[in-house]
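*Asks:* First, the structure itself, so that you have it in front of you.
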Amino acid sequence: MQDFTVRIEKAAVFRSLENLMTFPFVRAPVERGALQLHGAYFGVSEGSLFVLDRNAKEFIGVRETHASE
């Protein structure tokens, strides 16, 4: 059940970003590069932050992101 809940919570982040793009005052600056939208998920139970990689369509742990730098 916990895995299902996490998947739904992460899907909500995707949907929120999609919904934001329906507003012209958000879409216009995003399209001209003046605004960037980012998605993130905080896993409370493990105390981990995951940032959405929109190209890969998956959440990457912040530790994983910094480990590759």
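FYI, nothing fancy with the structure tokens labels: chains A, B, ... in order, residues from 1 per chain, ligands from 1 as they appear.
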Skip range 18-24 of chain A itself and residues of its chain fewer than 3 positions away, then list as a list in words all residues within 12 Å of it, counting only C-alpha atoms.
*Replies:* Ala11, Ala12, Val13, Phe14, Arg15, Arg27, Ala28, Pro29, Val30, Glu31, Leu35, Gln36, Leu37, His38, Gly39 and Arg54 of chain A
*Asks:* Go ahead and save the residues from that selection, with C-alpha atoms, as a short mmCIF file (atom, residue, chain, number, x, y, z; two decimals), in the first residue's frame.
*Replies:*
data_model
loop_
_atom_site.label_atom_id
_atom_site.label_comp_id
_atom_site.auth_asym_id
_atom_site.auth_seq_id
_atom_site.Cartn_x
_atom_site.Cartn_y
_atom_site.Cartn_z
CA ALA A 11 1.91 11.56 -10.02
CA ALA A 12 0.30 14.54 -8.28
CA VAL A 13 3.54 16.49 -8.77
CA PHE A 14 3.46 15.73 -12.52
CA ARG A 15 -0.21 16.78 -12.69
CA ARG A 27 2.97 29.42 -19.76
CA ALA A 28 4.23 32.62 -21.46
CA PRO A 29 7.29 33.19 -19.25
CA VAL A 30 8.08 29.46 -19.26
CA GLU A 31 8.03 29.37 -23.05
CA LEU A 35 10.54 31.13 -15.67
CA GLN A 36 11.39 27.53 -14.87
CA LEU A 37 9.07 25.10 -13.11
CA HIS A 38 10.52 22.32 -10.98
CA GLY A 39 8.89 19.39 -9.24
CA ARG A 54 11.34 16.03 -16.61
#
*Asks:* Would you kindly return, as a ChimeraX atom specification, each protein, DNA or RNA residue with an atom no farther than 12 Å from any atom of Glu46 in chain A, considering only C-alpha atoms and excluding same-chain residues fewer than 4 positions away?
*Replies:* /A:6,41-42,50,61
*Asks:* Mind writing the picked residues with C-alpha atoms as a PDB file, in the first residue's frame?
*Replies:*
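This went into selection-v4.pdb:
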ATOM      1  CA  VAL A   6       4.152   7.123  -3.125  1.00  0.00           C
ATOM      2  CA  TYR A  41       8.907  15.046  -3.695  1.00  0.00           C
ATOM      3  CA  PHE A  42       9.940  14.699  -0.069  1.00  0.00           C
ATOM      4  CA  PHE A  50      13.650  13.702  -4.858  1.00  0.00           C
ATOM      5  CA  GLY A  61      17.275  11.512  -5.193  1.00  0.00           C
TER       6      GLY A  61
END
*Asks:* Would you kindly return, as a list in words, each protein, DNA or RNA residue with an atom no farther than 6 Å from any atom of Leu52 in chain A, considering only C-alpha atoms and excluding same-chain residues fewer than 4 positions away?
*Replies:*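 After dropping sequence-adjacent residues, the list is Gly39, Ala40, Glu58 and Phe59 of chain A.
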*Asks:* CA of Arg63 in chain A and CA of Leu49 in chain A, how far apart in Å?
*Replies:*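 Value for the CA of Leu49 in chain A-CA of Arg63 in chain A distance: 8.2 Å.
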*Asks:* Running DSSP on the backbone, which parts of range 13-63 of chain A land in helix (DSSP H, G or I), as a PyMOL selection string?
*Replies:* chain A and resi 13-20+24-31+62-63
*Asks:* If you run DSSP on this backbone, which residues of chain A come out as strand (DSSP E), and could you give them as an MDAnalysis selection string?
*Replies:* chainID A and resid 40:43 48:53 58:61
*Asks:* Could you write those residues out with N, CA, C and O atoms, as a PDB file, in the first residue's frame?
*Replies:*
ATOM      1  N   ALA A  40       9.288  18.474  -7.068  1.00  0.00           N
ATOM      2  CA  ALA A  40      10.058  17.755  -6.055  1.00  0.00           C
ATOM      3  C   ALA A  40       9.107  16.954  -5.174  1.00  0.00           C
ATOM      4  O   ALA A  40       7.926  17.281  -5.048  1.00  0.00           O
ATOM      5  N   TYR A  41       9.661  15.913  -4.599  1.00  0.00           N
ATOM      6  CA  TYR A  41       8.907  15.046  -3.695  1.00  0.00           C
ATOM      7  C   TYR A  41       9.779  14.776  -2.477  1.00  0.00           C
ATOM      8  O   TYR A  41      10.954  14.410  -2.619  1.00  0.00           O
ATOM      9  N   PHE A  42       9.212  14.984  -1.297  1.00  0.00           N
ATOM     10  CA  PHE A  42       9.940  14.699  -0.069  1.00  0.00           C
ATOM     11  C   PHE A  42       9.381  13.429   0.542  1.00  0.00           C
ATOM     12  O   PHE A  42       8.213  13.369   0.915  1.00  0.00           O
ATOM     13  N   GLY A  43      10.213  12.404   0.617  1.00  0.00           N
ATOM     14  CA  GLY A  43       9.821  11.145   1.233  1.00  0.00           C
ATOM     15  C   GLY A  43      10.003  11.252   2.734  1.00  0.00           C
ATOM     16  O   GLY A  43      11.123  11.091   3.239  1.00  0.00           O
ATOM     17  N   SER A  48      14.112  11.733   2.591  1.00  0.00           N
ATOM     18  CA  SER A  48      14.845  11.969   1.349  1.00  0.00           C
ATOM     19  C   SER A  48      14.092  12.917   0.432  1.00  0.00           C
ATOM     20  O   SER A  48      12.871  12.863   0.350  1.00  0.00           O
ATOM     21  N   LEU A  49      14.858  13.741  -0.264  1.00  0.00           N
ATOM     22  CA  LEU A  49      14.292  14.671  -1.233  1.00  0.00           C
ATOM     23  C   LEU A  49      14.568  14.146  -2.633  1.00  0.00           C
ATOM     24  O   LEU A  49      15.695  13.750  -2.947  1.00  0.00           O
ATOM     25  N   PHE A  50      13.543  14.151  -3.471  1.00  0.00           N
ATOM     26  CA  PHE A  50      13.650  13.702  -4.858  1.00  0.00           C
ATOM     27  C   PHE A  50      13.226  14.843  -5.762  1.00  0.00           C
ATOM     28  O   PHE A  50      12.191  15.465  -5.538  1.00  0.00           O
ATOM     29  N   VAL A  51      14.022  15.107  -6.784  1.00  0.00           N
ATOM     30  CA  VAL A  51      13.737  16.176  -7.736  1.00  0.00           C
ATOM     31  C   VAL A  51      13.348  15.538  -9.064  1.00  0.00           C
ATOM     32  O   VAL A  51      13.974  14.583  -9.513  1.00  0.00           O
ATOM     33  N   LEU A  52      12.334  16.095  -9.676  1.00  0.00           N
ATOM     34  CA  LEU A  52      11.837  15.559 -10.936  1.00  0.00           C
ATOM     35  C   LEU A  52      12.773  15.886 -12.089  1.00  0.00           C
ATOM     36  O   LEU A  52      13.099  17.051 -12.329  1.00  0.00           O
ATOM     37  N   ASP A  53      13.204  14.854 -12.790  1.00  0.00           N
ATOM     38  CA  ASP A  53      13.939  15.011 -14.043  1.00  0.00           C
ATOM     39  C   ASP A  53      12.882  14.899 -15.131  1.00  0.00           C
ATOM     40  O   ASP A  53      12.418  13.810 -15.451  1.00  0.00           O
ATOM     41  N   GLU A  58      11.233  10.918 -14.288  1.00  0.00           N
ATOM     42  CA  GLU A  58      11.396  10.180 -13.045  1.00  0.00           C
ATOM     43  C   GLU A  58      11.992  11.094 -11.989  1.00  0.00           C
ATOM     44  O   GLU A  58      12.567  12.132 -12.297  1.00  0.00           O
ATOM     45  N   PHE A  59      11.831  10.692 -10.747  1.00  0.00           N
ATOM     46  CA  PHE A  59      12.367  11.449  -9.636  1.00  0.00           C
ATOM     47  C   PHE A  59      13.739  10.900  -9.278  1.00  0.00           C
ATOM     48  O   PHE A  59      13.925   9.696  -9.157  1.00  0.00           O
ATOM     49  N   ILE A  60      14.691  11.820  -9.109  1.00  0.00           N
ATOM     50  CA  ILE A  60      16.060  11.460  -8.784  1.00  0.00           C
ATOM     51  C   ILE A  60      16.358  11.968  -7.378  1.00  0.00           C
ATOM     52  O   ILE A  60      16.086  13.129  -7.060  1.00  0.00           O
ATOM     53  N   GLY A  61      16.916  11.096  -6.544  1.00  0.00           N
ATOM     54  CA  GLY A  61      17.275  11.512  -5.193  1.00  0.00           C
ATOM     55  C   GLY A  61      18.336  12.607  -5.234  1.00  0.00           C
ATOM     56  O   GLY A  61      19.255  12.546  -6.041  1.00  0.00           O
TER      57      GLY A  61
END
*Asks:* Go ahead and compute the interatomic distance for CA of Lys57 in chain A and CA of Phe25 in chain A, in Å to one decimal.
*Replies:* 24.5 Å
